[in-house]
$ cat run_18.cif   # mmCIF, C-alpha atoms
data_coords
loop_
_atom_site.group_PDB
_atom_site.id
_atom_site.type_symbol
_atom_site.label_atom_id
_atom_site.label_comp_id
_atom_site.auth_asym_id
_atom_site.auth_seq_id
_atom_site.Cartn_x
_atom_site.Cartn_y
_atom_site.Cartn_z
ATOM 1 C CA MET E 1 25.920 -32.362 8.736
ATOM 2 C CA GLU E 2 29.578 -33.207 8.456
ATOM 3 C CA ASP E 3 32.811 -31.952 6.963
ATOM 4 C CA LYS E 4 32.498 -34.036 3.787
ATOM 5 C CA ASN E 5 33.088 -33.017 0.180
ATOM 6 C CA LEU E 6 30.155 -32.681 -2.203
ATOM 7 C CA THR E 7 29.521 -33.114 -5.872
ATOM 8 C CA GLU E 8 28.880 -29.908 -7.832
ATOM 9 C CA LYS E 9 25.164 -30.641 -8.067
ATOM 10 C CA GLU E 10 24.920 -31.399 -4.329
ATOM 11 C CA SER E 11 26.683 -28.110 -3.588
ATOM 12 C CA LEU E 12 24.159 -26.047 -5.516
ATOM 13 C CA GLU E 13 21.284 -27.948 -3.920
ATOM 14 C CA LEU E 14 22.717 -27.359 -0.459
ATOM 15 C CA ILE E 15 23.092 -23.604 -1.065
ATOM 16 C CA ALA E 16 19.486 -23.377 -2.291
ATOM 17 C CA ARG E 17 18.205 -25.483 0.635
ATOM 18 C CA MET E 18 20.013 -23.408 3.280
ATOM 19 C CA ILE E 19 18.844 -20.103 1.800
ATOM 20 C CA LYS E 20 15.288 -21.457 1.759
ATOM 21 C CA GLU E 21 15.664 -22.570 5.403
ATOM 22 C CA THR E 22 16.435 -19.010 6.510
ATOM 23 C CA GLN E 23 13.491 -17.686 4.506
ATOM 24 C CA ASN E 24 11.188 -20.247 6.091
ATOM 25 C CA ASN E 25 12.228 -18.887 9.445
ATOM 26 C CA VAL E 26 9.053 -16.822 9.573
ATOM 27 C CA ALA E 27 8.133 -14.783 12.596
ATOM 28 C CA ARG E 28 4.792 -16.143 13.761
ATOM 29 C CA TYR E 29 4.059 -13.037 15.839
ATOM 30 C CA ALA E 30 5.185 -10.430 13.273
ATOM 31 C CA ALA E 31 1.698 -8.895 13.117
ATOM 32 C CA TYR E 32 1.237 -8.626 16.882
ATOM 33 C CA PRO E 33 2.805 -5.140 17.312
ATOM 34 C CA LEU E 34 0.322 -3.759 14.749
ATOM 35 C CA LEU E 35 -2.576 -5.458 16.535
ATOM 36 C CA ILE E 36 -1.465 -4.503 20.054
ATOM 37 C CA TRP E 37 -0.884 -0.811 19.240
ATOM 38 C CA GLY E 38 -3.855 -0.639 16.885
ATOM 39 C CA TYR E 39 -6.414 -2.125 19.282
ATOM 40 C CA LEU E 40 -5.143 -0.263 22.340
ATOM 41 C CA THR E 41 -5.043 3.107 20.585
ATOM 42 C CA THR E 42 -8.537 2.611 19.188
ATOM 43 C CA PHE E 43 -9.892 1.459 22.557
ATOM 44 C CA ILE E 44 -8.372 4.388 24.471
ATOM 45 C CA ALA E 45 -9.566 6.911 21.854
ATOM 46 C CA VAL E 46 -13.145 5.634 22.138
ATOM 47 C CA VAL E 47 -13.029 5.577 25.976
ATOM 48 C CA VAL E 48 -11.641 9.148 26.076
ATOM 49 C CA TRP E 49 -14.309 10.323 23.620
ATOM 50 C CA PHE E 50 -17.075 8.644 25.627
ATOM 51 C CA ALA E 51 -15.893 9.977 29.022
ATOM 52 C CA ILE E 52 -15.704 13.535 27.722
ATOM 53 C CA PHE E 53 -18.872 13.366 25.647
ATOM 54 C CA LYS E 54 -21.005 11.806 28.387
ATOM 55 C CA TYR E 55 -19.457 13.091 31.650
ATOM 56 C CA GLU E 56 -17.192 15.980 30.570
ATOM 57 C CA PHE E 57 -14.437 14.203 32.430
ATOM 58 C CA TYR E 58 -11.384 15.830 30.813
ATOM 59 C CA GLN E 59 -8.834 14.200 33.114
ATOM 60 C CA ILE E 60 -9.489 10.985 31.183
ATOM 61 C CA GLN E 61 -6.889 12.317 28.722
ATOM 62 C CA TYR E 62 -4.235 10.963 31.119
ATOM 63 C CA LEU E 63 -5.418 7.501 30.110
ATOM 64 C CA TRP E 64 -3.196 7.921 27.027
ATOM 65 C CA TRP E 65 -0.183 7.280 29.263
ATOM 66 C CA SER E 66 -1.391 3.717 29.798
ATOM 67 C CA LEU E 67 -0.811 3.065 26.074
ATOM 68 C CA PRO E 68 3.006 2.783 26.190
ATOM 69 C CA VAL E 69 2.850 1.196 29.657
ATOM 70 C CA ILE E 70 0.746 -1.707 28.325
ATOM 71 C CA ALA E 71 1.835 -1.874 24.691
ATOM 72 C CA PHE E 72 5.640 -1.728 25.111
ATOM 73 C CA PRO E 73 5.997 -4.791 27.374
ATOM 74 C CA LEU E 74 3.542 -6.768 25.199
ATOM 75 C CA THR E 75 5.460 -5.852 22.023
ATOM 76 C CA ILE E 76 8.776 -6.891 23.573
ATOM 77 C CA TYR E 77 7.240 -10.129 24.897
ATOM 78 C CA PHE E 78 5.928 -11.202 21.484
ATOM 79 C CA SER E 79 9.068 -10.177 19.592
ATOM 80 C CA ARG E 80 11.092 -12.408 21.960
ATOM 81 C CA LYS E 81 8.598 -15.226 21.530
ATOM 82 C CA SER E 82 8.941 -14.927 17.779
ATOM 83 C CA GLY E 83 10.332 -17.868 15.814
ATOM 84 C CA LYS E 84 13.054 -15.644 14.353
ATOM 85 C CA ARG E 85 15.327 -15.882 17.382
ATOM 86 C CA GLY E 86 18.973 -16.382 16.656
ATOM 87 C CA ALA E 87 19.205 -14.612 13.321
ATOM 88 C CA GLN E 88 18.606 -11.108 12.110
ATOM 89 C CA THR E 89 17.976 -10.178 8.500
ATOM 90 C CA TYR E 90 18.520 -6.746 6.931
ATOM 91 C CA MET E 91 14.742 -6.439 6.736
ATOM 92 C CA ASP E 92 14.372 -7.000 10.513
ATOM 93 C CA ARG E 93 16.961 -4.341 11.266
ATOM 94 C CA ILE E 94 15.426 -1.712 8.971
ATOM 95 C CA THR E 95 11.887 -2.372 10.268
ATOM 96 C CA ASN E 96 13.051 -2.209 13.899
ATOM 97 C CA ARG E 97 14.924 1.057 13.314
ATOM 98 C CA VAL E 98 11.984 2.645 11.468
ATOM 99 C CA TRP E 99 9.600 1.849 14.332
ATOM 100 C CA GLY E 100 12.212 2.859 16.921
ATOM 101 C CA ILE E 101 12.567 6.328 15.372
ATOM 102 C CA PHE E 102 8.850 6.814 14.673
ATOM 103 C CA GLY E 103 7.942 5.524 18.127
ATOM 104 C CA CYS E 104 10.358 7.952 19.836
ATOM 105 C CA VAL E 105 9.058 10.911 17.816
ATOM 106 C CA GLY E 106 5.465 9.861 18.580
ATOM 107 C CA PHE E 107 6.246 9.606 22.281
ATOM 108 C CA LEU E 108 7.942 13.029 22.356
ATOM 109 C CA LEU E 109 5.031 14.642 20.487
ATOM 110 C CA SER E 110 2.561 13.113 22.958
ATOM 111 C CA PHE E 111 4.675 14.337 25.870
ATOM 112 C CA PHE E 112 4.954 17.920 24.580
ATOM 113 C CA ALA E 113 1.242 17.993 23.739
ATOM 114 C CA PHE E 114 0.618 18.327 27.489
ATOM 115 C CA PHE E 115 2.533 21.636 27.589
ATOM 116 C CA GLN E 116 2.362 23.056 24.061
ATOM 117 C CA ALA E 117 -0.278 23.393 21.375
ATOM 118 C CA VAL E 118 0.635 20.330 19.331
ATOM 119 C CA ASP E 119 -2.035 18.894 17.048
ATOM 120 C CA ILE E 120 -1.462 15.389 18.268
ATOM 121 C CA TYR E 121 -4.604 13.915 16.690
ATOM 122 C CA PHE E 122 -3.272 14.874 13.268
ATOM 123 C CA LEU E 123 0.443 14.178 13.767
ATOM 124 C CA ILE E 124 0.252 10.756 15.415
ATOM 125 C CA PRO E 125 -1.838 9.001 12.727
ATOM 126 C CA LEU E 126 0.284 10.739 10.070
ATOM 127 C CA LEU E 127 3.469 9.417 11.679
ATOM 128 C CA MET E 128 2.111 5.915 12.296
ATOM 129 C CA GLY E 129 0.676 5.744 8.775
ATOM 130 C CA MET E 130 4.148 6.548 7.452
ATOM 131 C CA GLY E 131 5.592 3.812 9.659
ATOM 132 C CA VAL E 132 3.076 1.247 8.377
ATOM 133 C CA ALA E 133 3.633 2.211 4.725
ATOM 134 C CA ILE E 134 7.448 2.143 5.050
ATOM 135 C CA SER E 135 7.341 -1.244 6.851
ATOM 136 C CA GLY E 136 5.122 -2.528 4.048
ATOM 137 C CA CYS E 137 7.628 -1.309 1.439
ATOM 138 C CA VAL E 138 10.558 -2.942 3.258
ATOM 139 C CA THR E 139 8.741 -6.266 3.706
ATOM 140 C CA LYS E 140 7.073 -6.015 0.262
ATOM 141 C CA TYR E 141 3.642 -6.542 1.830
ATOM 142 C CA ASN E 142 1.109 -4.661 -0.285
ATOM 143 C CA PRO E 143 -1.828 -4.428 2.204
ATOM 144 C CA MET E 144 0.462 -2.529 4.601
ATOM 145 C CA ILE E 145 1.657 -0.179 1.861
ATOM 146 C CA VAL E 146 -1.866 0.573 0.633
ATOM 147 C CA LEU E 147 -3.547 0.875 4.051
ATOM 148 C CA GLY E 148 -0.592 2.860 5.426
ATOM 149 C CA ILE E 149 -1.019 5.367 2.590
ATOM 150 C CA VAL E 150 -4.797 5.429 3.199
ATOM 151 C CA GLY E 151 -4.000 6.182 6.863
ATOM 152 C CA ILE E 152 -1.703 9.058 5.852
ATOM 153 C CA ALA E 153 -4.385 10.484 3.521
ATOM 154 C CA LEU E 154 -7.122 10.146 6.172
ATOM 155 C CA SER E 155 -4.970 11.809 8.820
ATOM 156 C CA PHE E 156 -5.052 15.020 6.750
ATOM 157 C CA SER E 157 -8.839 15.093 7.168
ATOM 158 C CA LEU E 158 -8.183 15.793 10.856
ATOM 159 C CA LEU E 159 -6.813 19.199 9.895
ATOM 160 C CA PHE E 160 -10.335 20.149 8.832
ATOM 161 C CA ILE E 161 -12.367 18.389 11.503
ATOM 162 C CA HIS E 162 -12.589 20.057 14.898
ATOM 163 C CA GLY E 163 -14.200 19.244 18.200
ATOM 164 C CA LEU E 164 -14.565 16.053 20.160
ATOM 165 C CA ASP E 165 -15.575 13.907 17.198
ATOM 166 C CA ARG E 166 -12.002 14.082 15.909
ATOM 167 C CA LEU E 167 -11.315 11.291 18.392
ATOM 168 C CA LEU E 168 -13.688 8.962 16.559
ATOM 169 C CA ILE E 169 -12.025 9.713 13.201
ATOM 170 C CA PHE E 170 -8.654 9.204 14.914
ATOM 171 C CA ALA E 171 -9.813 5.775 16.147
ATOM 172 C CA ALA E 172 -11.206 4.855 12.711
ATOM 173 C CA ILE E 173 -7.849 5.697 11.088
ATOM 174 C CA PHE E 174 -6.079 3.278 13.446
ATOM 175 C CA VAL E 175 -8.586 0.563 12.545
ATOM 176 C CA VAL E 176 -7.841 1.094 8.850
ATOM 177 C CA MET E 177 -4.063 1.387 8.994
ATOM 178 C CA MET E 178 -3.160 -0.940 11.871
ATOM 179 C CA ILE E 179 -5.913 -3.381 12.839
ATOM 180 C CA ILE E 180 -6.945 -4.437 9.312
ATOM 181 C CA PRO E 181 -3.390 -4.940 7.935
ATOM 182 C CA GLY E 182 -2.468 -6.514 11.292
ATOM 183 C CA HIS E 183 -5.133 -9.204 10.886
ATOM 184 C CA LEU E 184 -4.238 -9.768 7.220
ATOM 185 C CA LEU E 185 -0.558 -10.154 8.107
ATOM 186 C CA ASN E 186 -1.384 -12.416 11.052
ATOM 187 C CA GLU E 187 -3.359 -14.721 8.787
ATOM 188 C CA LYS E 188 -0.468 -14.787 6.287
ATOM 189 C CA MET E 189 2.028 -15.645 9.047
ATOM 190 C CA LYS E 190 -0.255 -18.414 10.318
ATOM 191 C CA GLN E 191 -0.413 -19.955 6.834
ATOM 192 C CA GLU E 192 3.357 -19.666 6.302
ATOM 193 C CA CYS E 193 4.098 -21.276 9.660
ATOM 194 C CA LEU E 194 1.778 -24.170 8.803
ATOM 195 C CA LYS E 195 3.576 -24.626 5.457
ATOM 196 C CA SER E 196 7.050 -24.636 7.002
ATOM 197 C CA MET Y 1 39.817 -25.467 -18.608
ATOM 198 C CA PHE Y 2 37.699 -25.361 -15.456
ATOM 199 C CA LYS Y 3 38.699 -23.245 -12.504
ATOM 200 C CA GLU Y 4 39.300 -25.142 -9.274
ATOM 201 C CA LEU Y 5 36.535 -24.933 -6.680
ATOM 202 C CA ASP Y 6 37.483 -23.138 -3.461
ATOM 203 C CA PRO Y 7 38.421 -26.082 -1.162
ATOM 204 C CA LEU Y 8 37.370 -24.117 1.902
ATOM 205 C CA LEU Y 9 33.816 -23.792 0.613
ATOM 206 C CA HIS Y 10 33.621 -27.182 -1.063
ATOM 207 C CA SER Y 11 32.694 -28.963 2.137
ATOM 208 C CA GLN Y 12 29.151 -29.677 3.273
ATOM 209 C CA LEU Y 13 29.133 -27.955 6.643
ATOM 210 C CA ARG Y 14 31.195 -24.912 5.714
ATOM 211 C CA LEU Y 15 29.116 -24.357 2.593
ATOM 212 C CA ALA Y 16 25.893 -24.638 4.608
ATOM 213 C CA VAL Y 17 27.190 -22.070 7.116
ATOM 214 C CA MET Y 18 28.189 -19.656 4.361
ATOM 215 C CA SER Y 19 24.807 -20.074 2.610
ATOM 216 C CA ILE Y 20 22.948 -19.265 5.845
ATOM 217 C CA LEU Y 21 25.120 -16.224 6.540
ATOM 218 C CA LEU Y 22 24.646 -15.021 2.983
ATOM 219 C CA SER Y 23 20.904 -14.639 3.505
ATOM 220 C CA VAL Y 24 20.874 -13.072 6.986
ATOM 221 C CA GLU Y 25 22.708 -10.109 8.411
ATOM 222 C CA GLU Y 26 23.918 -12.058 11.421
ATOM 223 C CA ALA Y 27 23.216 -15.416 13.017
ATOM 224 C CA GLU Y 28 23.895 -16.861 16.438
ATOM 225 C CA PHE Y 29 25.923 -20.042 16.905
ATOM 226 C CA VAL Y 30 22.874 -21.917 18.240
ATOM 227 C CA TYR Y 31 20.813 -20.893 15.219
ATOM 228 C CA ILE Y 32 23.457 -22.169 12.760
ATOM 229 C CA LYS Y 33 23.833 -25.362 14.793
ATOM 230 C CA GLU Y 34 20.068 -25.952 14.650
ATOM 231 C CA LYS Y 35 19.817 -25.262 10.908
ATOM 232 C CA THR Y 36 22.805 -27.437 9.968
ATOM 233 C CA ASN Y 37 22.228 -30.250 12.509
ATOM 234 C CA ALA Y 38 25.967 -30.179 13.228
ATOM 235 C CA THR Y 39 27.584 -30.990 16.546
ATOM 236 C CA ALA Y 40 28.801 -27.996 18.555
ATOM 237 C CA GLY Y 41 32.414 -29.169 18.423
ATOM 238 C CA ASN Y 42 32.516 -29.713 14.673
ATOM 239 C CA LEU Y 43 30.669 -26.479 13.946
ATOM 240 C CA SER Y 44 33.062 -24.560 16.137
ATOM 241 C CA VAL Y 45 36.085 -25.950 14.251
ATOM 242 C CA GLN Y 46 34.555 -25.120 10.853
ATOM 243 C CA LEU Y 47 33.611 -21.604 11.953
ATOM 244 C CA ASP Y 48 37.192 -21.001 13.046
ATOM 245 C CA LYS Y 49 38.467 -22.135 9.620
ATOM 246 C CA LEU Y 50 36.084 -19.731 7.861
ATOM 247 C CA SER Y 51 37.053 -16.950 10.209
ATOM 248 C CA GLU Y 52 40.805 -17.552 9.694
ATOM 249 C CA ALA Y 53 40.241 -17.268 5.939
ATOM 250 C CA GLY Y 54 38.483 -13.944 6.515
ATOM 251 C CA TYR Y 55 35.184 -15.238 5.130
ATOM 252 C CA ILE Y 56 33.227 -14.609 8.319
ATOM 253 C CA GLU Y 57 33.495 -12.508 11.465
ATOM 254 C CA ILE Y 58 32.846 -14.069 14.842
ATOM 255 C CA GLU Y 59 31.795 -11.928 17.770
ATOM 256 C CA LYS Y 60 31.750 -13.469 21.207
ATOM 257 C CA GLY Y 61 29.875 -11.822 24.026
ATOM 258 C CA PHE Y 62 27.362 -12.318 26.787
ATOM 259 C CA VAL Y 63 23.640 -11.749 27.149
ATOM 260 C CA GLY Y 64 23.209 -11.555 30.896
ATOM 261 C CA LYS Y 65 25.270 -14.494 32.091
ATOM 262 C CA LYS Y 66 24.796 -16.578 28.948
ATOM 263 C CA PRO Y 67 27.567 -16.658 26.334
ATOM 264 C CA ARG Y 68 26.477 -15.545 22.868
ATOM 265 C CA THR Y 69 28.435 -16.100 19.661
ATOM 266 C CA VAL Y 70 27.310 -14.162 16.609
ATOM 267 C CA CYS Y 71 28.587 -14.781 13.070
ATOM 268 C CA ARG Y 72 28.497 -12.480 10.061
ATOM 269 C CA ILE Y 73 29.687 -12.961 6.506
ATOM 270 C CA THR Y 74 32.402 -10.523 5.352
ATOM 271 C CA ASP Y 75 32.756 -8.855 1.945
ATOM 272 C CA LYS Y 76 35.572 -11.308 1.195
ATOM 273 C CA GLY Y 77 33.195 -14.171 2.091
ATOM 274 C CA CYS Y 78 30.466 -12.808 -0.210
ATOM 275 C CA LEU Y 79 32.949 -12.563 -3.098
ATOM 276 C CA ALA Y 80 34.216 -16.085 -2.425
ATOM 277 C CA MET Y 81 30.649 -17.440 -2.498
ATOM 278 C CA GLU Y 82 29.897 -15.583 -5.719
ATOM 279 C CA GLU Y 83 33.002 -16.999 -7.353
ATOM 280 C CA TYR Y 84 32.233 -20.479 -6.003
ATOM 281 C CA VAL Y 85 28.700 -20.471 -7.458
ATOM 282 C CA ASN Y 86 29.971 -19.153 -10.817
ATOM 283 C CA THR Y 87 32.559 -21.943 -10.966
ATOM 284 C CA LEU Y 88 29.903 -24.532 -10.050
ATOM 285 C CA ARG Y 89 27.757 -23.271 -12.906
ATOM 286 C CA GLN Y 90 30.626 -23.853 -15.334
ATOM 287 C CA TYR Y 91 30.998 -27.413 -14.091
ATOM 288 C CA ILE Y 92 27.368 -28.317 -14.532
ATOM 289 C CA HIS Y 93 26.768 -26.119 -17.574
ATOM 290 C CA ILE Y 94 23.966 -23.923 -16.223
#

$ encode --input "run_18.cif" --output "structure tokens"
Amino acid sequence: MEDKNLTEKESLELIARMIKETQNNVARYAAYPLLIWGYLTTFIAVVVWFAIFKYEFYQIQYLWWSLPVIAFPLTIYFSRKSGKRGAQTYMDRITNRVWGIFGCVGFLLSFFAFFQAVDIYFLIPLLMGMGVAISGCVTKYNPMIVLGIVGIALSFSLLFIHGLDRLLIFAAIFVVMMIIPGHLLNEKMKQECLKS
Amino acid sequence: MFKELDPLLHSQLRLAVMSILLSVEEAEFVYIKEKTNATAGNLSVQLDKLSEAGYIEIEKGFVGKKPRTVCRITDKGCLAMEEYVNTLRQYIHI
């Protein structure tokens, strides 16, 4: 591209083409944070349930600390690998801030749950469901909005369910609100990358 | 009587830069260079012209040891683009 003058029609075409170029700049790995956090949370919940149910091994609860240790570096790795490097849209900034705030609150709740009576198995899916639904609203992606709201609604069931089996409901909620929309979004990103 | 098109925007490369910056919050120099297929030297000159007119902001910094130049459109730049597109529409009767 050079510093040459354009006709009026060429100018309008150029504006439209450049705007389309930035929109085509899709992030191939946009769904990976949902999949990483969704799968790991579900896996740890099931392992913790199994270890307590079968062996009454309550120290397994410390396994939750491996979640941020594994998931954070993976999330950062895939966001850097994303095709969106070099430009940030308003949508990117809002989504990043939403997850930054929700992630910090989630981490603090998990931390204090070791010292105080915090109903973590209710609050965490509630918080993450809100994060998924808000991200869906910002990115106008309906499966995330719907499944995020389903996650929020299901998390309230944990106020009425007690005992060890709460962990299985907790895991199921993460499947519904993170793994399923994660796979749907991943498929959409794959298709959009092929098109562009 | 048609209004005159803004001469600063009525150039291929500068218009491309402004169109990119209109649709993102901020963009790095390398990103704009890749999207416009411009040479670094030419792009740099055109960015300076847009910045002198107050249409864009240029922030120069470092990420580690690598230099990083980030560009953002200003409110004045957004208004200029809006006016430019409206004038274009008059010319081609949209």

$ resolve_selection --input "run_18.cif" --expression "the PyMOL selection byres ((chain Y) within 9 of (chain E))" --output "PyMOL selection string"
chain Y and resi 7+10-32+35-39+42-43+46+70+85+88-89+91-92

$ residues_near_point --input "run_18.cif" --point "(9.5, 11.8, 16.5)" --cutoff "12 Å" --atoms "only C-alpha atoms" --output "PyMOL selection string"
chain E and resi 98-112+120+123-124+126-128+130-131

$ resolve_selection --input "run_18.cif" --expression "the PyMOL selection byres ((chain Y and resi 50) around 10)" --output "PyMOL selection string"
chain Y and resi 8-9+14-15+17-18+45-49+51-58+73+77

$ atom_distance --input "run_18.cif" --atom1 "CA of Cys193 in chain E" --atom2 "CA of Ala30 in chain E"
11.5 Å

$ atom_distance --input "run_18.cif" --atom1 "CA of Arg28 in chain E" --atom2 "CA of Leu74 in chain E"
14.8 Å

$ atom_distance --input "run_18.cif" --atom1 "CA of Trp64 in chain E" --atom2 "CA of Ile44 in chain E"
6.8 Å

$ residues_around --input "run_18.cif" --residues "range 76-81 of chain E" --least-positions-apart "5" --cutoff "12 Å" --atoms "only C-alpha atoms" --output "number ranges by chain"
E: 27-36, 68-71, 86, 92, 96

$ residues_around --input "run_18.cif" --residues "range 137-139 of chain E" --least-positions-apart "2" --cutoff "9 Å" --atoms "all atoms listed in the file" --output "list in words"
Met91, Asp92, Ile94, Thr95, Val132, Ala133, Ile134, Ser135, Tyr141, Asn142, Met144 and Ile145 of chain E

$ write_last_selection --input "run_18.cif" --atoms "C-alpha atoms" --output "compact mmCIF listing (two decimals), in the frame of the given file"
# COMPACT_ATOMS: atom_id res chain seq x y z
CA MET E 91 14.74 -6.44 6.74
CA ASP E 92 14.37 -7.00 10.51
CA ILE E 94 15.43 -1.71 8.97
CA THR E 95 11.89 -2.37 10.27
CA VAL E 132 3.08 1.25 8.38
CA ALA E 133 3.63 2.21 4.72
CA ILE E 134 7.45 2.14 5.05
CA SER E 135 7.34 -1.24 6.85
CA TYR E 141 3.64 -6.54 1.83
CA ASN E 142 1.11 -4.66 -0.28
CA MET E 144 0.46 -2.53 4.60
CA ILE E 145 1.66 -0.18 1.86

$ resolve_selection --input "run_18.cif" --expression "the PyMOL selection byres ((chain E and resi 54-63) around 12)" --output "MDAnalysis selection string"
chainID E and resid 40:41 43:53 64:70 110:111 113:114 164 167

$ residues_around --input "run_18.cif" --residues "Ile169 in chain E" --least-positions-apart "4" --cutoff "8 Å" --atoms "all atoms listed in the file" --output "PyMOL selection string"
chain E and resi 158+165+173

$ residues_around --input "run_18.cif" --residues "Arg166 in chain E" --least-positions-apart "5" --cutoff "10 Å" --atoms "only C-alpha atoms" --output "list of chain:residue names"
E:Ala45, E:Trp49, E:Tyr121, E:Phe122, E:Ser157, E:Leu158, E:Leu159, E:Phe160, E:Ile161, E:Ala171, E:Ala172

$ axis_aligned_box --input "run_18.cif" --around "range 13-26 of chain Y" --padding-each-side "3 Å" --output "lines of an AutoDock Vina configuration file"
center_x = 26.0
center_y = -19.0
center_z = 7.0
size_x = 16.3
size_y = 23.8
size_z = 14.8

$ residues_around --input "run_18.cif" --residues "Phe174 in chain E" --least-positions-apart "6" --cutoff "8 Å" --atoms "only C-alpha atoms" --output "VMD selection string"
chain E and resid 38 to 39 41 to 42 125 151

$ decode --input "run_18.cif" --residues "range 166-172 of chain E" --atoms "all heavy atoms" --output "CSV table (one decimal), in the first residue's frame"
chain,number,residue,atom,x,y,z
E,166,ARG,N,-22.5,-33.4,46.5
E,166,ARG,CA,-22.5,-32.1,46.0
E,166,ARG,C,-21.4,-31.9,44.9
E,166,ARG,O,-21.5,-31.2,44.0
E,166,ARG,CB,-22.2,-31.0,47.1
E,166,ARG,CG,-23.2,-30.9,48.1
E,166,ARG,CD,-22.7,-29.8,49.1
E,166,ARG,NE,-23.4,-28.6,48.8
E,166,ARG,CZ,-22.9,-27.4,49.2
E,166,ARG,NH1,-21.8,-27.3,49.9
E,166,ARG,NH2,-23.6,-26.3,48.9
E,167,LEU,N,-20.3,-32.6,45.2
E,167,LEU,CA,-19.1,-32.5,44.3
E,167,LEU,C,-19.4,-33.0,42.9
E,167,LEU,O,-18.9,-32.4,41.9
E,167,LEU,CB,-18.0,-33.4,44.9
E,167,LEU,CG,-17.0,-32.6,45.8
E,167,LEU,CD1,-16.2,-33.6,46.6
E,167,LEU,CD2,-16.1,-31.7,45.0
E,168,LEU,N,-20.3,-34.0,42.8
E,168,LEU,CA,-20.7,-34.5,41.5
E,168,LEU,C,-21.6,-33.5,40.7
E,168,LEU,O,-21.4,-33.3,39.5
E,168,LEU,CB,-21.4,-35.9,41.6
E,168,LEU,CG,-20.5,-37.0,42.1
E,168,LEU,CD1,-21.2,-38.3,42.2
E,168,LEU,CD2,-19.3,-37.2,41.2
E,169,ILE,N,-22.5,-32.8,41.5
E,169,ILE,CA,-23.3,-31.8,40.9
E,169,ILE,C,-22.5,-30.6,40.5
E,169,ILE,O,-22.6,-30.1,39.4
E,169,ILE,CB,-24.4,-31.3,41.9
E,169,ILE,CG1,-25.2,-32.5,42.6
E,169,ILE,CG2,-25.4,-30.3,41.3
E,169,ILE,CD1,-26.1,-33.2,41.6
E,170,PHE,N,-21.5,-30.3,41.3
E,170,PHE,CA,-20.5,-29.2,41.1
E,170,PHE,C,-19.8,-29.5,39.7
E,170,PHE,O,-19.7,-28.6,38.9
E,170,PHE,CB,-19.5,-29.1,42.2
E,170,PHE,CG,-18.5,-28.1,42.1
E,170,PHE,CD1,-18.6,-26.8,42.6
E,170,PHE,CD2,-17.2,-28.5,41.5
E,170,PHE,CE1,-17.6,-25.9,42.5
E,170,PHE,CE2,-16.2,-27.5,41.4
E,170,PHE,CZ,-16.4,-26.2,41.9
E,171,ALA,N,-19.3,-30.7,39.6
E,171,ALA,CA,-18.6,-31.1,38.3
E,171,ALA,C,-19.6,-31.0,37.1
E,171,ALA,O,-19.2,-30.5,36.1
E,171,ALA,CB,-18.1,-32.5,38.5
E,172,ALA,N,-20.8,-31.5,37.3
E,172,ALA,CA,-21.8,-31.5,36.2
E,172,ALA,C,-22.1,-30.1,35.8
E,172,ALA,O,-22.2,-29.8,34.6
E,172,ALA,CB,-23.1,-32.2,36.6
